[in-house]
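Everything below belongs to protein.cif, which stores mmCIF, N, CA and C atoms.
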```
data_protein
#
loop_
_atom_site.label_atom_id
_atom_site.label_comp_id
_atom_site.auth_asym_id
_atom_site.auth_seq_id
_atom_site.Cartn_x
_atom_site.Cartn_y
_atom_site.Cartn_z
N MET A 1 0.85 -1.18 0.00
CA MET A 1 0.00 0.00 0.00
C MET A 1 0.89 1.24 0.00
N ALA A 2 0.67 2.11 -0.93
CA ALA A 2 1.49 3.32 -1.07
C ALA A 2 1.03 4.37 -0.08
N ALA A 3 2.01 5.10 0.44
CA ALA A 3 1.69 6.19 1.36
C ALA A 3 1.16 7.37 0.56
N VAL A 4 0.13 7.99 1.06
CA VAL A 4 -0.47 9.14 0.38
C VAL A 4 0.01 10.40 1.08
N ALA A 5 0.59 11.29 0.29
CA ALA A 5 1.07 12.55 0.87
C ALA A 5 -0.13 13.42 1.20
N THR A 6 -0.16 13.92 2.42
CA THR A 6 -1.25 14.82 2.81
C THR A 6 -0.72 16.24 2.86
N GLU A 7 -1.47 17.12 2.30
CA GLU A 7 -1.08 18.52 2.27
C GLU A 7 -1.40 19.16 3.61
N ALA A 8 -0.46 19.96 4.10
CA ALA A 8 -0.67 20.64 5.38
C ALA A 8 -1.82 21.63 5.23
N PRO A 9 -2.66 21.77 6.26
CA PRO A 9 -3.76 22.72 6.17
C PRO A 9 -3.25 24.16 6.12
N PHE A 10 -4.02 25.01 5.48
CA PHE A 10 -3.70 26.43 5.41
C PHE A 10 -3.68 26.98 6.84
N HIS A 11 -2.59 27.63 7.23
CA HIS A 11 -2.41 28.06 8.61
C HIS A 11 -2.51 29.58 8.71
N VAL A 12 -3.43 30.04 9.54
CA VAL A 12 -3.65 31.47 9.75
C VAL A 12 -3.24 31.84 11.18
N LEU A 13 -2.45 32.89 11.31
CA LEU A 13 -2.12 33.46 12.62
C LEU A 13 -3.01 34.68 12.81
N ALA A 14 -3.86 34.64 13.83
CA ALA A 14 -4.78 35.74 14.13
C ALA A 14 -4.29 36.48 15.37
N VAL A 15 -4.14 37.80 15.23
CA VAL A 15 -3.59 38.63 16.31
C VAL A 15 -4.62 39.70 16.67
N ASP A 16 -5.12 39.64 17.90
CA ASP A 16 -6.10 40.62 18.35
C ASP A 16 -6.11 40.64 19.88
N ASP A 17 -6.13 41.83 20.45
CA ASP A 17 -6.14 41.92 21.91
C ASP A 17 -7.52 41.64 22.50
N SER A 18 -8.53 41.57 21.67
CA SER A 18 -9.90 41.30 22.13
C SER A 18 -10.20 39.80 22.04
N LEU A 19 -10.45 39.17 23.18
CA LEU A 19 -10.76 37.74 23.21
C LEU A 19 -11.99 37.40 22.36
N PRO A 20 -13.10 38.14 22.46
CA PRO A 20 -14.26 37.80 21.62
C PRO A 20 -13.94 37.88 20.12
N ASP A 21 -13.13 38.88 19.73
CA ASP A 21 -12.77 39.00 18.31
C ASP A 21 -11.87 37.85 17.88
N ARG A 22 -10.91 37.45 18.74
CA ARG A 22 -10.04 36.31 18.42
C ARG A 22 -10.86 35.04 18.25
N LYS A 23 -11.81 34.84 19.17
CA LYS A 23 -12.65 33.63 19.11
C LYS A 23 -13.52 33.64 17.84
N LEU A 24 -14.04 34.80 17.46
CA LEU A 24 -14.86 34.92 16.26
C LEU A 24 -14.04 34.59 15.01
N ILE A 25 -12.86 35.18 14.91
CA ILE A 25 -11.98 34.92 13.76
C ILE A 25 -11.65 33.43 13.69
N GLU A 26 -11.29 32.87 14.85
CA GLU A 26 -10.93 31.46 14.90
C GLU A 26 -12.10 30.58 14.44
N ARG A 27 -13.28 30.86 14.94
CA ARG A 27 -14.46 30.06 14.59
C ARG A 27 -14.78 30.16 13.10
N LEU A 28 -14.72 31.37 12.56
CA LEU A 28 -15.02 31.57 11.13
C LEU A 28 -14.01 30.84 10.24
N LEU A 29 -12.74 30.93 10.60
CA LEU A 29 -11.71 30.31 9.77
C LEU A 29 -11.71 28.79 9.90
N LYS A 30 -12.00 28.29 11.08
CA LYS A 30 -12.02 26.83 11.27
C LYS A 30 -13.17 26.19 10.50
N THR A 31 -14.25 26.92 10.24
CA THR A 31 -15.33 26.36 9.44
C THR A 31 -14.89 26.12 8.01
N SER A 32 -13.82 26.81 7.59
CA SER A 32 -13.24 26.59 6.26
C SER A 32 -12.06 25.63 6.31
N SER A 33 -11.94 24.91 7.41
CA SER A 33 -10.89 23.91 7.61
C SER A 33 -9.48 24.49 7.66
N PHE A 34 -9.36 25.74 8.06
CA PHE A 34 -8.04 26.33 8.24
C PHE A 34 -7.51 25.96 9.61
N HIS A 35 -6.19 25.84 9.71
CA HIS A 35 -5.54 25.69 11.02
C HIS A 35 -5.35 27.12 11.53
N VAL A 36 -5.79 27.41 12.75
CA VAL A 36 -5.74 28.78 13.27
C VAL A 36 -4.97 28.81 14.58
N THR A 37 -4.02 29.74 14.66
CA THR A 37 -3.32 30.03 15.91
C THR A 37 -3.69 31.45 16.29
N THR A 38 -4.09 31.66 17.54
CA THR A 38 -4.44 33.01 17.98
C THR A 38 -3.48 33.47 19.07
N VAL A 39 -3.15 34.75 19.03
CA VAL A 39 -2.34 35.39 20.07
C VAL A 39 -2.95 36.75 20.36
N ASP A 40 -2.65 37.30 21.55
CA ASP A 40 -3.32 38.53 21.96
C ASP A 40 -2.49 39.81 21.81
N SER A 41 -1.33 39.73 21.18
CA SER A 41 -0.52 40.95 21.00
C SER A 41 0.46 40.78 19.86
N GLY A 42 0.95 41.92 19.37
CA GLY A 42 1.96 41.90 18.33
C GLY A 42 3.25 41.24 18.79
N SER A 43 3.63 41.48 20.03
CA SER A 43 4.87 40.88 20.53
C SER A 43 4.75 39.36 20.62
N LYS A 44 3.57 38.86 21.00
CA LYS A 44 3.38 37.40 21.05
C LYS A 44 3.37 36.81 19.64
N ALA A 45 2.86 37.57 18.68
CA ALA A 45 2.92 37.12 17.28
C ALA A 45 4.37 37.02 16.82
N LEU A 46 5.18 38.01 17.17
CA LEU A 46 6.59 37.99 16.80
C LEU A 46 7.31 36.82 17.48
N GLN A 47 6.94 36.54 18.74
CA GLN A 47 7.52 35.37 19.42
C GLN A 47 7.15 34.09 18.69
N PHE A 48 5.88 33.96 18.33
CA PHE A 48 5.43 32.76 17.63
C PHE A 48 6.15 32.60 16.29
N LEU A 49 6.37 33.73 15.62
CA LEU A 49 7.03 33.70 14.32
C LEU A 49 8.54 33.58 14.41
N GLY A 50 9.07 33.66 15.64
CA GLY A 50 10.50 33.51 15.82
C GLY A 50 11.29 34.79 15.64
N LEU A 51 10.61 35.94 15.68
CA LEU A 51 11.29 37.22 15.49
C LEU A 51 11.57 37.96 16.79
N LEU A 52 11.10 37.42 17.89
CA LEU A 52 11.29 38.08 19.17
C LEU A 52 11.65 37.05 20.22
N HIS A 53 12.70 37.32 20.97
CA HIS A 53 13.14 36.41 22.02
C HIS A 53 12.16 36.44 23.18
N ASP A 54 11.76 35.27 23.64
CA ASP A 54 10.87 35.15 24.79
C ASP A 54 11.72 35.29 26.06
N GLU A 55 11.50 36.36 26.81
CA GLU A 55 12.31 36.62 28.00
C GLU A 55 12.15 35.54 29.06
N ASP A 56 11.05 34.80 29.04
CA ASP A 56 10.83 33.75 30.02
C ASP A 56 11.46 32.43 29.59
N SER A 57 12.08 32.42 28.43
CA SER A 57 12.63 31.17 27.91
C SER A 57 14.01 31.42 27.35
N SER A 58 14.86 30.42 27.44
CA SER A 58 16.18 30.54 26.85
C SER A 58 16.17 30.10 25.40
N VAL A 59 15.00 29.69 24.92
CA VAL A 59 14.88 29.19 23.56
C VAL A 59 14.57 30.35 22.61
N PHE A 60 15.31 30.39 21.51
CA PHE A 60 15.04 31.38 20.47
C PHE A 60 14.87 30.61 19.17
N VAL A 61 13.70 30.68 18.60
CA VAL A 61 13.42 29.96 17.35
C VAL A 61 13.52 30.95 16.21
N HIS A 62 14.35 30.63 15.24
CA HIS A 62 14.45 31.49 14.06
C HIS A 62 13.27 31.20 13.14
N ALA A 63 12.84 32.21 12.42
CA ALA A 63 11.65 32.10 11.59
C ALA A 63 11.76 30.96 10.58
N ASP A 64 12.96 30.69 10.06
CA ASP A 64 13.09 29.63 9.07
C ASP A 64 13.09 28.24 9.69
N GLN A 65 12.98 28.16 11.02
CA GLN A 65 12.95 26.87 11.70
C GLN A 65 11.57 26.57 12.30
N LEU A 66 10.58 27.35 11.94
CA LEU A 66 9.23 27.13 12.47
C LEU A 66 8.74 25.74 12.09
N ASP A 67 8.15 25.04 13.05
CA ASP A 67 7.59 23.72 12.77
C ASP A 67 6.34 23.82 11.90
N VAL A 68 5.59 24.88 12.07
CA VAL A 68 4.34 25.05 11.36
C VAL A 68 4.43 26.32 10.51
N ALA A 69 4.29 26.14 9.21
CA ALA A 69 4.34 27.31 8.32
C ALA A 69 3.06 28.13 8.47
N VAL A 70 3.21 29.43 8.47
CA VAL A 70 2.06 30.34 8.52
C VAL A 70 1.83 30.85 7.10
N ASN A 71 0.58 30.73 6.64
CA ASN A 71 0.25 31.14 5.28
C ASN A 71 -0.38 32.52 5.21
N LEU A 72 -0.93 32.99 6.33
CA LEU A 72 -1.62 34.28 6.36
C LEU A 72 -1.64 34.79 7.78
N ILE A 73 -1.47 36.11 7.93
CA ILE A 73 -1.56 36.74 9.25
C ILE A 73 -2.69 37.76 9.19
N ILE A 74 -3.62 37.64 10.13
CA ILE A 74 -4.71 38.61 10.26
C ILE A 74 -4.50 39.31 11.60
N THR A 75 -4.43 40.63 11.57
CA THR A 75 -4.17 41.36 12.82
C THR A 75 -5.09 42.57 12.96
N ASP A 76 -5.44 42.85 14.18
CA ASP A 76 -6.15 44.08 14.52
C ASP A 76 -5.17 45.23 14.37
N TYR A 77 -5.64 46.42 14.02
CA TYR A 77 -4.75 47.57 13.95
C TYR A 77 -4.45 48.12 15.34
N CYS A 78 -5.50 48.36 16.10
CA CYS A 78 -5.36 49.08 17.37
C CYS A 78 -5.22 48.10 18.54
N MET A 79 -3.96 47.90 18.97
CA MET A 79 -3.68 47.03 20.12
C MET A 79 -2.67 47.75 21.00
N PRO A 80 -2.72 47.49 22.30
CA PRO A 80 -1.74 48.13 23.19
C PRO A 80 -0.33 47.58 22.93
N GLY A 81 0.65 48.44 23.06
CA GLY A 81 2.04 48.02 22.91
C GLY A 81 2.55 48.09 21.49
N MET A 82 1.93 47.37 20.59
CA MET A 82 2.36 47.34 19.19
C MET A 82 1.13 47.31 18.31
N THR A 83 1.04 48.26 17.40
CA THR A 83 -0.12 48.28 16.49
C THR A 83 0.05 47.20 15.43
N GLY A 84 -1.04 46.91 14.75
CA GLY A 84 -0.98 45.96 13.65
C GLY A 84 -0.05 46.44 12.55
N TYR A 85 0.02 47.76 12.35
CA TYR A 85 0.92 48.32 11.34
C TYR A 85 2.38 48.11 11.74
N ASP A 86 2.69 48.28 13.02
CA ASP A 86 4.05 48.02 13.50
C ASP A 86 4.41 46.54 13.31
N LEU A 87 3.46 45.66 13.57
CA LEU A 87 3.67 44.23 13.36
C LEU A 87 3.94 43.95 11.88
N LEU A 88 3.15 44.56 11.02
CA LEU A 88 3.34 44.41 9.58
C LEU A 88 4.76 44.82 9.17
N LYS A 89 5.23 45.96 9.67
CA LYS A 89 6.57 46.44 9.32
C LYS A 89 7.64 45.45 9.76
N LYS A 90 7.51 44.89 10.97
CA LYS A 90 8.49 43.92 11.47
C LYS A 90 8.50 42.65 10.60
N ILE A 91 7.32 42.20 10.20
CA ILE A 91 7.23 40.99 9.38
C ILE A 91 7.86 41.25 8.01
N LYS A 92 7.59 42.40 7.42
CA LYS A 92 8.10 42.70 6.09
C LYS A 92 9.61 42.97 6.10
N GLU A 93 10.18 43.27 7.27
CA GLU A 93 11.63 43.45 7.39
C GLU A 93 12.36 42.10 7.45
N SER A 94 11.63 41.02 7.68
CA SER A 94 12.22 39.69 7.82
C SER A 94 12.30 39.01 6.45
N SER A 95 13.50 38.61 6.06
CA SER A 95 13.67 37.97 4.75
C SER A 95 12.90 36.65 4.67
N SER A 96 12.74 35.96 5.79
CA SER A 96 12.07 34.66 5.76
C SER A 96 10.54 34.77 5.89
N LEU A 97 10.04 35.93 6.31
CA LEU A 97 8.59 36.07 6.52
C LEU A 97 7.93 37.09 5.61
N ARG A 98 8.70 37.88 4.90
CA ARG A 98 8.12 39.01 4.16
C ARG A 98 7.09 38.63 3.10
N ASP A 99 7.12 37.37 2.65
CA ASP A 99 6.17 36.95 1.62
C ASP A 99 4.83 36.48 2.17
N ILE A 100 4.71 36.43 3.51
CA ILE A 100 3.43 36.04 4.11
C ILE A 100 2.47 37.22 4.01
N PRO A 101 1.29 37.02 3.41
CA PRO A 101 0.32 38.11 3.35
C PRO A 101 -0.17 38.49 4.75
N VAL A 102 -0.35 39.80 4.96
CA VAL A 102 -0.83 40.32 6.25
C VAL A 102 -2.08 41.16 5.97
N VAL A 103 -3.15 40.83 6.68
CA VAL A 103 -4.39 41.59 6.59
C VAL A 103 -4.55 42.34 7.91
N ILE A 104 -4.69 43.66 7.83
CA ILE A 104 -4.90 44.48 9.02
C ILE A 104 -6.36 44.90 9.07
N MET A 105 -7.01 44.63 10.21
CA MET A 105 -8.42 44.97 10.39
C MET A 105 -8.55 46.13 11.36
N SER A 106 -9.59 46.91 11.18
CA SER A 106 -9.90 47.96 12.13
C SER A 106 -11.38 48.28 12.06
N SER A 107 -11.98 48.50 13.21
CA SER A 107 -13.38 48.90 13.23
C SER A 107 -13.51 50.41 13.16
N GLU A 108 -12.37 51.12 13.24
CA GLU A 108 -12.39 52.57 13.20
C GLU A 108 -12.27 53.05 11.76
N ASN A 109 -13.08 54.02 11.41
CA ASN A 109 -13.08 54.56 10.05
C ASN A 109 -12.21 55.82 10.02
N ILE A 110 -10.90 55.60 9.99
CA ILE A 110 -9.94 56.72 9.97
C ILE A 110 -9.21 56.69 8.63
N PRO A 111 -9.54 57.62 7.71
CA PRO A 111 -8.99 57.58 6.35
C PRO A 111 -7.46 57.51 6.28
N SER A 112 -6.75 58.26 7.13
CA SER A 112 -5.29 58.24 7.05
C SER A 112 -4.75 56.85 7.41
N ARG A 113 -5.40 56.19 8.36
CA ARG A 113 -4.98 54.84 8.75
C ARG A 113 -5.27 53.85 7.63
N ILE A 114 -6.42 54.00 7.01
CA ILE A 114 -6.81 53.11 5.90
C ILE A 114 -5.83 53.28 4.73
N ASN A 115 -5.45 54.52 4.42
CA ASN A 115 -4.52 54.77 3.33
C ASN A 115 -3.15 54.18 3.61
N ARG A 116 -2.72 54.24 4.85
CA ARG A 116 -1.41 53.68 5.22
C ARG A 116 -1.38 52.19 4.95
#
```

Spit out the file's structure as structure tokens when you get a sec.
Amino acid sequence: MAAVATEAPFHVLAVDDSLPDRKLIERLLKTSSFHVTTVDSGSKALQFLGLLHDEDSSVFVHADQLDVAVNLIITDYCMPGMTGYDLLKKIKESSSLRDIPVVIMSSENIPSRINR
């Protein structure tokens, strides 16, 4: 019997400081059979992606050594500490992550933010 190669599920990293919003995004994406990882801040997203050292751990994972490839990042714009736009800039500065599409969401209708 030949082994059948199974394709890894599409993996989405959802970043939002609001628990209800994270749960909603996760539920909507899982109905489409996506693998979803949720985190509550830009810094935790960077840790997950291997771009930020976890101060509580001596382990530093480089982005090209991630066990699970991320295919899409969805982030809230307005979060404490690091905005979604700041997260986007950090990801696009990384040679190993810059090709991952990033979607920034905001419930605020601020034209200058939308244009950015």

Determine the residue set returned by the PyMOL selection byres ((chain A and resi 31-44) around 6) for the present structure, and present it as a VMD selection string. chain A and resid 9 to 17 26 to 30 45 to 49 82 87

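Around Cys78 of chain A, within 7 Å and counting only N, CA and C atoms, the residues found are Asp17, Gly84, Tyr85, Met105 and Ser106 of chain A, once anything fewer than 6 positions away on its own chain is removed.
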
Six-sided padding of 4 Å per side, axis-aligned box over segment 7-19 of chain A, centre and edges in Å, one decimal, as lines of an AutoDock Vina configuration file:
```
center_x = -6.2
center_y = 29.5
center_z = 12.7
size_x = 19.5
size_y = 32.8
size_z = 28.9
```

Determine which residues of segment 25-59 of chain A receive a DSSP assignment of strand (DSSP E or B), computed from the backbone, and state them as an NGL selection string. :A and (35-39)

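Candidate residues A:Leu19, A:Ile73, A:Met79, A:Leu88 were compared for distance to Pro101 of chain A, and the nearest is A:Ile73, using all atoms listed in the file.
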
For the helix (DSSP H, G or I) assignment from backbone DSSP, which residues of segment 6-115 of chain A qualify? Please present them as a PyMOL selection string. chain A and resi 19-30+42-49+63-65+84-93+111-115

Please dump the current selection as an mmCIF file, in the frame of the given file; keep N, CA and C atoms.
```cif
data_model
loop_
_atom_site.group_PDB
_atom_site.id
_atom_site.type_symbol
_atom_site.label_atom_id
_atom_site.label_comp_id
_atom_site.auth_asym_id
_atom_site.auth_seq_id
_atom_site.Cartn_x
_atom_site.Cartn_y
_atom_site.Cartn_z
ATOM 1 N N LEU A 19 -10.450 39.170 23.180
ATOM 2 C CA LEU A 19 -10.760 37.740 23.210
ATOM 3 C C LEU A 19 -11.990 37.400 22.360
ATOM 4 N N PRO A 20 -13.100 38.140 22.460
ATOM 5 C CA PRO A 20 -14.260 37.800 21.620
ATOM 6 C C PRO A 20 -13.940 37.880 20.120
ATOM 7 N N ASP A 21 -13.130 38.880 19.730
ATOM 8 C CA ASP A 21 -12.770 39.000 18.310
ATOM 9 C C ASP A 21 -11.870 37.850 17.880
ATOM 10 N N ARG A 22 -10.910 37.450 18.740
ATOM 11 C CA ARG A 22 -10.040 36.310 18.420
ATOM 12 C C ARG A 22 -10.860 35.040 18.250
ATOM 13 N N LYS A 23 -11.810 34.840 19.170
ATOM 14 C CA LYS A 23 -12.650 33.630 19.110
ATOM 15 C C LYS A 23 -13.520 33.640 17.840
ATOM 16 N N LEU A 24 -14.040 34.800 17.460
ATOM 17 C CA LEU A 24 -14.860 34.920 16.260
ATOM 18 C C LEU A 24 -14.040 34.590 15.010
ATOM 19 N N ILE A 25 -12.860 35.180 14.910
ATOM 20 C CA ILE A 25 -11.980 34.920 13.760
ATOM 21 C C ILE A 25 -11.650 33.430 13.690
ATOM 22 N N GLU A 26 -11.290 32.870 14.850
ATOM 23 C CA GLU A 26 -10.930 31.460 14.900
ATOM 24 C C GLU A 26 -12.100 30.580 14.440
ATOM 25 N N ARG A 27 -13.280 30.860 14.940
ATOM 26 C CA ARG A 27 -14.460 30.060 14.590
ATOM 27 C C ARG A 27 -14.780 30.160 13.100
ATOM 28 N N LEU A 28 -14.720 31.370 12.560
ATOM 29 C CA LEU A 28 -15.020 31.570 11.130
ATOM 30 C C LEU A 28 -14.010 30.840 10.240
ATOM 31 N N LEU A 29 -12.740 30.930 10.600
ATOM 32 C CA LEU A 29 -11.710 30.310 9.770
ATOM 33 C C LEU A 29 -11.710 28.790 9.900
ATOM 34 N N LYS A 30 -12.000 28.290 11.080
ATOM 35 C CA LYS A 30 -12.020 26.830 11.270
ATOM 36 C C LYS A 30 -13.170 26.190 10.500
ATOM 37 N N GLY A 42 0.950 41.920 19.370
ATOM 38 C CA GLY A 42 1.960 41.900 18.330
ATOM 39 C C GLY A 42 3.250 41.240 18.790
ATOM 40 N N SER A 43 3.630 41.480 20.030
ATOM 41 C CA SER A 43 4.870 40.880 20.530
ATOM 42 C C SER A 43 4.750 39.360 20.620
ATOM 43 N N LYS A 44 3.570 38.860 21.000
ATOM 44 C CA LYS A 44 3.380 37.400 21.050
ATOM 45 C C LYS A 44 3.370 36.810 19.640
ATOM 46 N N ALA A 45 2.860 37.570 18.680
ATOM 47 C CA ALA A 45 2.920 37.120 17.280
ATOM 48 C C ALA A 45 4.370 37.020 16.820
ATOM 49 N N LEU A 46 5.180 38.010 17.170
ATOM 50 C CA LEU A 46 6.590 37.990 16.800
ATOM 51 C C LEU A 46 7.310 36.820 17.480
ATOM 52 N N GLN A 47 6.940 36.540 18.740
ATOM 53 C CA GLN A 47 7.520 35.370 19.420
ATOM 54 C C GLN A 47 7.150 34.090 18.690
ATOM 55 N N PHE A 48 5.880 33.960 18.330
ATOM 56 C CA PHE A 48 5.430 32.760 17.630
ATOM 57 C C PHE A 48 6.150 32.600 16.290
ATOM 58 N N LEU A 49 6.370 33.730 15.620
ATOM 59 C CA LEU A 49 7.030 33.700 14.320
ATOM 60 C C LEU A 49 8.540 33.580 14.410
ATOM 61 N N ALA A 63 12.840 32.210 12.420
ATOM 62 C CA ALA A 63 11.650 32.100 11.590
ATOM 63 C C ALA A 63 11.760 30.960 10.580
ATOM 64 N N ASP A 64 12.960 30.690 10.060
ATOM 65 C CA ASP A 64 13.090 29.630 9.070
ATOM 66 C C ASP A 64 13.090 28.240 9.690
ATOM 67 N N GLN A 65 12.980 28.160 11.020
ATOM 68 C CA GLN A 65 12.950 26.870 11.700
ATOM 69 C C GLN A 65 11.570 26.570 12.300
ATOM 70 N N GLY A 84 -1.040 46.910 14.750
ATOM 71 C CA GLY A 84 -0.980 45.960 13.650
ATOM 72 C C GLY A 84 -0.050 46.440 12.550
ATOM 73 N N TYR A 85 0.020 47.760 12.350
ATOM 74 C CA TYR A 85 0.920 48.320 11.340
ATOM 75 C C TYR A 85 2.380 48.110 11.740
ATOM 76 N N ASP A 86 2.690 48.280 13.020
ATOM 77 C CA ASP A 86 4.050 48.020 13.500
ATOM 78 C C ASP A 86 4.410 46.540 13.310
ATOM 79 N N LEU A 87 3.460 45.660 13.570
ATOM 80 C CA LEU A 87 3.670 44.230 13.360
ATOM 81 C C LEU A 87 3.940 43.950 11.880
ATOM 82 N N LEU A 88 3.150 44.560 11.020
ATOM 83 C CA LEU A 88 3.340 44.410 9.580
ATOM 84 C C LEU A 88 4.760 44.820 9.170
ATOM 85 N N LYS A 89 5.230 45.960 9.670
ATOM 86 C CA LYS A 89 6.570 46.440 9.320
ATOM 87 C C LYS A 89 7.640 45.450 9.760
ATOM 88 N N LYS A 90 7.510 44.890 10.970
ATOM 89 C CA LYS A 90 8.490 43.920 11.470
ATOM 90 C C LYS A 90 8.500 42.650 10.600
ATOM 91 N N ILE A 91 7.320 42.200 10.200
ATOM 92 C CA ILE A 91 7.230 40.990 9.380
ATOM 93 C C ILE A 91 7.860 41.250 8.010
ATOM 94 N N LYS A 92 7.590 42.400 7.420
ATOM 95 C CA LYS A 92 8.100 42.700 6.090
ATOM 96 C C LYS A 92 9.610 42.970 6.100
ATOM 97 N N GLU A 93 10.180 43.270 7.270
ATOM 98 C CA GLU A 93 11.630 43.450 7.390
ATOM 99 C C GLU A 93 12.360 42.100 7.450
ATOM 100 N N PRO A 111 -9.540 57.620 7.710
ATOM 101 C CA PRO A 111 -8.990 57.580 6.350
ATOM 102 C C PRO A 111 -7.460 57.510 6.280
ATOM 103 N N SER A 112 -6.750 58.260 7.130
ATOM 104 C CA SER A 112 -5.290 58.240 7.050
ATOM 105 C C SER A 112 -4.750 56.850 7.410
ATOM 106 N N ARG A 113 -5.400 56.190 8.360
ATOM 107 C CA ARG A 113 -4.980 54.840 8.750
ATOM 108 C C ARG A 113 -5.270 53.850 7.630
ATOM 109 N N ILE A 114 -6.420 54.000 7.010
ATOM 110 C CA ILE A 114 -6.810 53.110 5.900
ATOM 111 C C ILE A 114 -5.830 53.280 4.730
ATOM 112 N N ASN A 115 -5.450 54.520 4.420
ATOM 113 C CA ASN A 115 -4.520 54.770 3.330
ATOM 114 C C ASN A 115 -3.150 54.180 3.610
#
```

Reference answer for the PyMOL selection byres (((chain A and resi 94 and name CA) around 12) and name CA), as a PyMOL selection string: chain A and resi 46+49-52+62-64+87-93+95-100

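Reported to one decimal place, the separation of atom CA of Tyr77 of chain A from atom CA of Leu24 of chain A is 16.4 Å.
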
For segment 91-97 of chain A, supply all heavy atoms and format the output as a CSV table (one decimal), in the frame of the given file.
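Wrote selection-v1.csv, looks like this:
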```
chain,number,residue,atom,x,y,z
A,91,ILE,N,7.3,42.2,10.2
A,91,ILE,CA,7.2,41.0,9.4
A,91,ILE,C,7.9,41.2,8.0
A,91,ILE,O,8.6,40.4,7.5
A,91,ILE,CB,5.8,40.5,9.3
A,91,ILE,CG1,5.3,40.0,10.6
A,91,ILE,CG2,5.6,39.5,8.2
A,91,ILE,CD1,3.8,39.8,10.7
A,92,LYS,N,7.6,42.4,7.4
A,92,LYS,CA,8.1,42.7,6.1
A,92,LYS,C,9.6,43.0,6.1
A,92,LYS,O,10.3,42.9,5.1
A,92,LYS,CB,7.3,43.9,5.5
A,92,LYS,CG,5.9,43.6,5.2
A,92,LYS,CD,5.7,42.3,4.4
A,92,LYS,CE,4.2,41.9,4.2
A,92,LYS,NZ,4.0,40.6,3.5
A,93,GLU,N,10.2,43.3,7.3
A,93,GLU,CA,11.6,43.4,7.4
A,93,GLU,C,12.4,42.1,7.4
A,93,GLU,O,13.6,42.0,7.3
A,93,GLU,CB,12.0,44.2,8.7
A,93,GLU,CG,11.6,45.7,8.6
A,93,GLU,CD,11.7,46.4,9.9
A,93,GLU,OE1,12.1,45.8,11.0
A,93,GLU,OE2,11.4,47.6,10.0
A,94,SER,N,11.6,41.0,7.7
A,94,SER,CA,12.2,39.7,7.8
A,94,SER,C,12.3,39.0,6.4
A,94,SER,O,11.3,38.8,5.8
A,94,SER,CB,11.4,38.8,8.8
A,94,SER,OG,11.8,37.5,8.7
A,95,SER,N,13.5,38.6,6.1
A,95,SER,CA,13.7,38.0,4.8
A,95,SER,C,12.9,36.6,4.7
A,95,SER,O,12.4,36.3,3.6
A,95,SER,CB,15.1,37.7,4.5
A,95,SER,OG,15.7,36.9,5.5
A,96,SER,N,12.7,36.0,5.8
A,96,SER,CA,12.1,34.7,5.8
A,96,SER,C,10.5,34.8,5.9
A,96,SER,O,9.8,33.8,5.6
A,96,SER,CB,12.6,33.7,6.8
A,96,SER,OG,12.5,34.3,8.1
A,97,LEU,N,10.0,35.9,6.3
A,97,LEU,CA,8.6,36.1,6.5
A,97,LEU,C,7.9,37.1,5.6
A,97,LEU,O,6.7,37.1,5.6
A,97,LEU,CB,8.3,36.5,8.0
A,97,LEU,CG,8.8,35.5,9.1
A,97,LEU,CD1,8.5,36.1,10.4
A,97,LEU,CD2,8.1,34.1,8.9
```
